[in-house]
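Undergrad: My structure is below; once you've seen it, I'll send some questions.
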Amino acid sequence: MRAVNRAFEILEVLCSEKEPQSLASLHKTLGLSKTTLARILNTLEKGGYVERDDSLQKYALGMKFLHYSYAVSERLTVKQVAAPIIKRIRDNCMETVYIYILHGNKRICVHCLQGKSSVRVMVYIGQVSPLYAGASGKAILAYFPEEELEQYFNEVELKPLTPSTIINRDLLEHDLKLIRQRGYAISIGEKDSGAISVSAPIWDKDGKVTSAISIAAPLDRQQEIDKFIKLVKEGAAEISSYHMVVEF
């Protein structure tokens with residue numbers, strides 16, 4: 001069981017980091033010996049769960065997880081209901097449209113259609129992101145019950161992802177209050193410096209927000225924000241009207 005747990009720990013790190021990780025960086029993060037890491041990584045690589053870049057001597061998640069993420073996303077009610085709505089919104093605005101759902105203290109993308117413009121923001125199914133940075137994360141976090149929000153802030157360190165990331169708790173809580181009042185969230189370069197995103201919460205049948213629909217676009221398209229807001233609010237309301245239970 002120890003080896004299995006260690007393998008999961010390695011996969012969690014590879015999943016949470018944007019860039020491939022070296023043996024040294026995994027050793028520093030996990031505290032496991034390089035010999036142990038190399039042995040487990042070799043097993044994971046043989047199974048297709050990890051890929052190694054021989055030129056850089058670094059490791060990343062393998063393509064097998066793309067198959068798994070597709071299999072899981074296919075059985076999510078949110079995808080089945082939202083797919084035609086997302087397509088309609090994407091075709092209207094030509095930008096990338098996607099849905100994130102709550103996953104622990106983070107969010108994970110379960111459905112996405114890339115924008116049709118030659119210059120666009122890329123989002124991927126299976127992509128894991130924090131809740132405190134980015135429109136869809138804040139659109140979910142804003143509706144946490146007070147006790148859960150307090151627990152979240154006690155457990156999560158607010159680290160800057162870009163110079164625009166809100167890492168002051170008071171400022172972030174003020175932003176979350178505005179999101180609840182408006183019914184939508186905006187991010188201007190908070191998670192990715194060159195991107196803007198607009199998101200609206202999706203309500204399930206129990207009256208909870210565990211997912212959000214978003215539009216992301218390059219930063220120079222801020223003049224389209226009002227249009228994006230209208231589209232995501234309408235889309236979220238339509239999806240919410242199905243009173244879904246979204247589970248992961």
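Going by the structure tokens order, chains are called A, B, ..., each with residues numbered from 1, while ligands are numbered from 1 in the order shown.
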Tell me which protein, DNA and RNA residues are within 10 Å of Ser211 in chain A, counting only C-alpha atoms, leaving out same-chain ones fewer than 3 positions away, and put them as a list in words.
TA: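 So the residues in contact are Val78, Ile99, Tyr100, Ile101, Leu102, His103, Arg107, Ile108, Cys109, Val110, Ser136, Gly137, Ala139, Ile140, Leu141, Ala200, Pro201, Ile202, Trp203, Asp204, Lys208, Ala236, Ser240, Val246 and Glu247 of chain A.
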Undergrad: With C-alpha atoms retained, could you export that selection as a PDB file, in the first residue's frame?
TA:
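Final output, saved to selection.pdb:
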```
ATOM      1  CA  VAL A  78     -23.261  18.577 -16.621  1.00  0.00           C
ATOM      2  CA  ILE A  99     -17.088  24.379 -17.585  1.00  0.00           C
ATOM      3  CA  TYR A 100     -15.188  23.796 -14.365  1.00  0.00           C
ATOM      4  CA  ILE A 101     -16.541  21.790 -11.438  1.00  0.00           C
ATOM      5  CA  LEU A 102     -15.512  21.865  -7.787  1.00  0.00           C
ATOM      6  CA  HIS A 103     -12.941  19.208  -6.905  1.00  0.00           C
ATOM      7  CA  ARG A 107     -11.586  23.094  -9.762  1.00  0.00           C
ATOM      8  CA  ILE A 108     -11.262  20.818 -12.757  1.00  0.00           C
ATOM      9  CA  CYS A 109     -12.315  21.421 -16.357  1.00  0.00           C
ATOM     10  CA  VAL A 110     -14.859  18.826 -17.507  1.00  0.00           C
ATOM     11  CA  SER A 136     -14.752  30.272 -12.820  1.00  0.00           C
ATOM     12  CA  GLY A 137     -12.915  29.533  -9.571  1.00  0.00           C
ATOM     13  CA  ALA A 139     -17.715  32.080  -9.320  1.00  0.00           C
ATOM     14  CA  ILE A 140     -17.728  28.811  -7.346  1.00  0.00           C
ATOM     15  CA  LEU A 141     -15.871  30.088  -4.272  1.00  0.00           C
ATOM     16  CA  ALA A 200     -21.377  32.565 -14.032  1.00  0.00           C
ATOM     17  CA  PRO A 201     -22.323  29.986 -11.380  1.00  0.00           C
ATOM     18  CA  ILE A 202     -24.374  26.883 -12.153  1.00  0.00           C
ATOM     19  CA  TRP A 203     -26.867  25.842  -9.476  1.00  0.00           C
ATOM     20  CA  ASP A 204     -27.687  22.186  -8.778  1.00  0.00           C
ATOM     21  CA  LYS A 208     -25.635  24.691  -4.347  1.00  0.00           C
ATOM     22  CA  ALA A 236     -25.665  29.255 -16.588  1.00  0.00           C
ATOM     23  CA  SER A 240     -29.220  25.391 -13.847  1.00  0.00           C
ATOM     24  CA  VAL A 246     -22.878  17.347 -10.641  1.00  0.00           C
ATOM     25  CA  GLU A 247     -20.542  14.837  -9.056  1.00  0.00           C
TER      26      GLU A 247
END
```
Undergrad: So which bits of range 88-128 of chain A end up helix (DSSP H, G or I) when you DSSP the backbone, as JSON, numbers by chain?
TA: {"A": [88, 89, 90, 91, 92, 93]}
Undergrad: Any chance you could list, as a PyMOL selection string, the residues in range 159-216 of chain A that come up strand (DSSP E or B) when DSSP is run on the backbone?
TA: chain A and resi 185-188+195-203+209-216
Undergrad: Store the residues picked out above, limited to N, CA, C and O atoms, as a short mmCIF file (atom, residue, chain, number, x, y, z; two decimals), in the first residue's frame.
TA:
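Saved result, result-v3.cif, follows:
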```cif
data_model
loop_
_atom_site.label_atom_id
_atom_site.label_comp_id
_atom_site.auth_asym_id
_atom_site.auth_seq_id
_atom_site.Cartn_x
_atom_site.Cartn_y
_atom_site.Cartn_z
N ALA A 185 -18.58 36.52 -12.35
CA ALA A 185 -17.21 36.85 -11.95
C ALA A 185 -16.39 37.26 -13.16
O ALA A 185 -16.62 36.76 -14.27
N ILE A 186 -15.44 38.14 -12.94
CA ILE A 186 -14.53 38.59 -13.99
C ILE A 186 -13.09 38.41 -13.51
O ILE A 186 -12.78 38.69 -12.35
N SER A 187 -12.24 37.97 -14.38
CA SER A 187 -10.81 37.90 -14.11
C SER A 187 -10.07 38.60 -15.25
O SER A 187 -10.29 38.27 -16.42
N ILE A 188 -9.24 39.54 -14.90
CA ILE A 188 -8.41 40.22 -15.90
C ILE A 188 -6.95 39.92 -15.57
O ILE A 188 -6.34 40.56 -14.72
N ALA A 195 -4.86 36.91 -20.48
CA ALA A 195 -6.25 36.49 -20.72
C ALA A 195 -7.25 37.20 -19.80
O ALA A 195 -6.93 37.59 -18.68
N ILE A 196 -8.45 37.35 -20.33
CA ILE A 196 -9.58 37.76 -19.52
C ILE A 196 -10.58 36.61 -19.51
O ILE A 196 -10.63 35.82 -20.46
N SER A 197 -11.35 36.50 -18.46
CA SER A 197 -12.39 35.48 -18.42
C SER A 197 -13.59 36.00 -17.65
O SER A 197 -13.46 36.82 -16.75
N VAL A 198 -14.75 35.52 -18.04
CA VAL A 198 -16.01 35.87 -17.40
C VAL A 198 -16.74 34.57 -17.11
O VAL A 198 -16.76 33.67 -17.94
N SER A 199 -17.32 34.47 -15.91
CA SER A 199 -17.94 33.21 -15.51
C SER A 199 -19.21 33.45 -14.71
O SER A 199 -19.33 34.45 -14.00
N ALA A 200 -20.14 32.51 -14.81
CA ALA A 200 -21.38 32.56 -14.03
C ALA A 200 -21.59 31.22 -13.35
O ALA A 200 -21.26 30.17 -13.91
N PRO A 201 -22.13 31.23 -12.14
CA PRO A 201 -22.32 29.99 -11.38
C PRO A 201 -23.47 29.15 -11.91
O PRO A 201 -24.47 29.67 -12.41
N ILE A 202 -23.32 27.84 -11.80
CA ILE A 202 -24.37 26.88 -12.15
C ILE A 202 -24.92 26.30 -10.86
O ILE A 202 -24.16 25.81 -10.02
N TRP A 203 -26.22 26.32 -10.70
CA TRP A 203 -26.87 25.84 -9.48
C TRP A 203 -27.38 24.42 -9.68
O TRP A 203 -27.99 24.11 -10.70
N VAL A 209 -23.82 25.71 -5.55
CA VAL A 209 -22.98 26.00 -6.71
C VAL A 209 -21.74 25.13 -6.63
O VAL A 209 -20.91 25.29 -5.74
N THR A 210 -21.63 24.19 -7.53
CA THR A 210 -20.44 23.32 -7.59
C THR A 210 -19.80 23.35 -8.97
O THR A 210 -18.89 22.57 -9.25
N SER A 211 -20.28 24.22 -9.84
CA SER A 211 -19.70 24.34 -11.17
C SER A 211 -19.97 25.73 -11.72
O SER A 211 -20.79 26.48 -11.18
N ALA A 212 -19.27 26.06 -12.80
CA ALA A 212 -19.44 27.38 -13.41
C ALA A 212 -19.09 27.30 -14.89
O ALA A 212 -18.25 26.50 -15.31
N ILE A 213 -19.77 28.12 -15.69
CA ILE A 213 -19.50 28.20 -17.13
C ILE A 213 -18.76 29.50 -17.42
O ILE A 213 -19.06 30.54 -16.83
N SER A 214 -17.78 29.44 -18.30
CA SER A 214 -16.90 30.59 -18.53
C SER A 214 -16.60 30.82 -20.00
O SER A 214 -16.65 29.89 -20.81
N ILE A 215 -16.25 32.05 -20.29
CA ILE A 215 -15.69 32.44 -21.58
C ILE A 215 -14.31 33.04 -21.30
O ILE A 215 -14.17 33.87 -20.41
N ALA A 216 -13.31 32.61 -22.05
CA ALA A 216 -11.97 33.17 -21.92
C ALA A 216 -11.52 33.73 -23.26
O ALA A 216 -11.78 33.13 -24.31
#
```
Undergrad: Counting only C-alpha atoms, what is within 10 Å of range 56-62 of chain A, bar same-chain residues fewer than 3 positions away, as a list in words?
TA: Ile10, Leu11, Glu12, Val13, Leu14, Cys15, Glu17, Lys18, Glu19, Pro20, Gln21, Ser22, Leu23, Ala24, Ser25, Leu26, Leu41, Leu44, Glu45, Gly47, Gly48, Tyr49, Val50, Glu51, Arg52, Asp53, Phe65, Leu66 and His67 of chain A
Undergrad: Measure the distance from CA of Gln151 in chain A to CA of Gly31 in chain A in Å and round it to one decimal.
TA: 26.7 Å
Undergrad: Given the choices A:Gly126, A:Val97, A:Ala7, A:Tyr184, which gets closest to Gln114 in chain A if the distance is worked out from only C-alpha atoms?
TA: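 Checking each candidate against Gln114 in chain A, we get A:Val97 as the closest.
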Undergrad: When you count only C-alpha atoms, which of these residues is closest to Tyr143 in chain A: A:Ser118, A:Gln181, A:Gln223, A:Thr35?
TA: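 Checking each candidate against Tyr143 in chain A, we get A:Gln181 as the closest.
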Undergrad: Write out as a PyMOL selection string each polymer residue whose atoms come within 10 Å of Asn105 in chain A, counting only C-alpha atoms; drop sequence neighbours fewer than 6 positions from it.
TA: chain A and resi 129-132+137+141+151-153+155-156
Undergrad: Let me make sure I understand: among A:Leu171, A:Ile40, A:Ile229, A:Val121, which one has the smallest atom-to-atom distance to Gly189 in chain A if we use only C-alpha atoms?
TA: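 Looking only at the distances to Gly189 in chain A, the closest residue turns out to be A:Val121.
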Undergrad: Interatomic distance between CA of Asp91 in chain A and CA of Leu113 in chain A?
TA: 9.6 Å
Undergrad: To one decimal in Å, tell me the separation between CA of Val4 in chain A and CA of Ala38 in chain A.
TA: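 Pair CA of Val4 in chain A / CA of Ala38 in chain A returns 14.2 Å.
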Undergrad: Given the choices A:Lys64, A:His27, A:Lys116, A:Lys138, which gets closest to Ile89 in chain A if the distance is worked out from only C-alpha atoms?
TA: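 Looking only at the distances to Ile89 in chain A, the closest residue turns out to be A:Lys116.
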Undergrad: Calculated over only C-alpha atoms, which of the candidates A:Ala3, A:Leu231, A:Ile239, A:Leu158 has the smallest distance to Arg88 in chain A?
TA: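 So, comparing all the options, the nearest one is A:Leu231.
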Undergrad: Which is closest to Phe144 in chain A among A:Leu32, A:Arg180, A:Ser241, A:Glu234, if we use only C-alpha atoms?
TA: A:Arg180
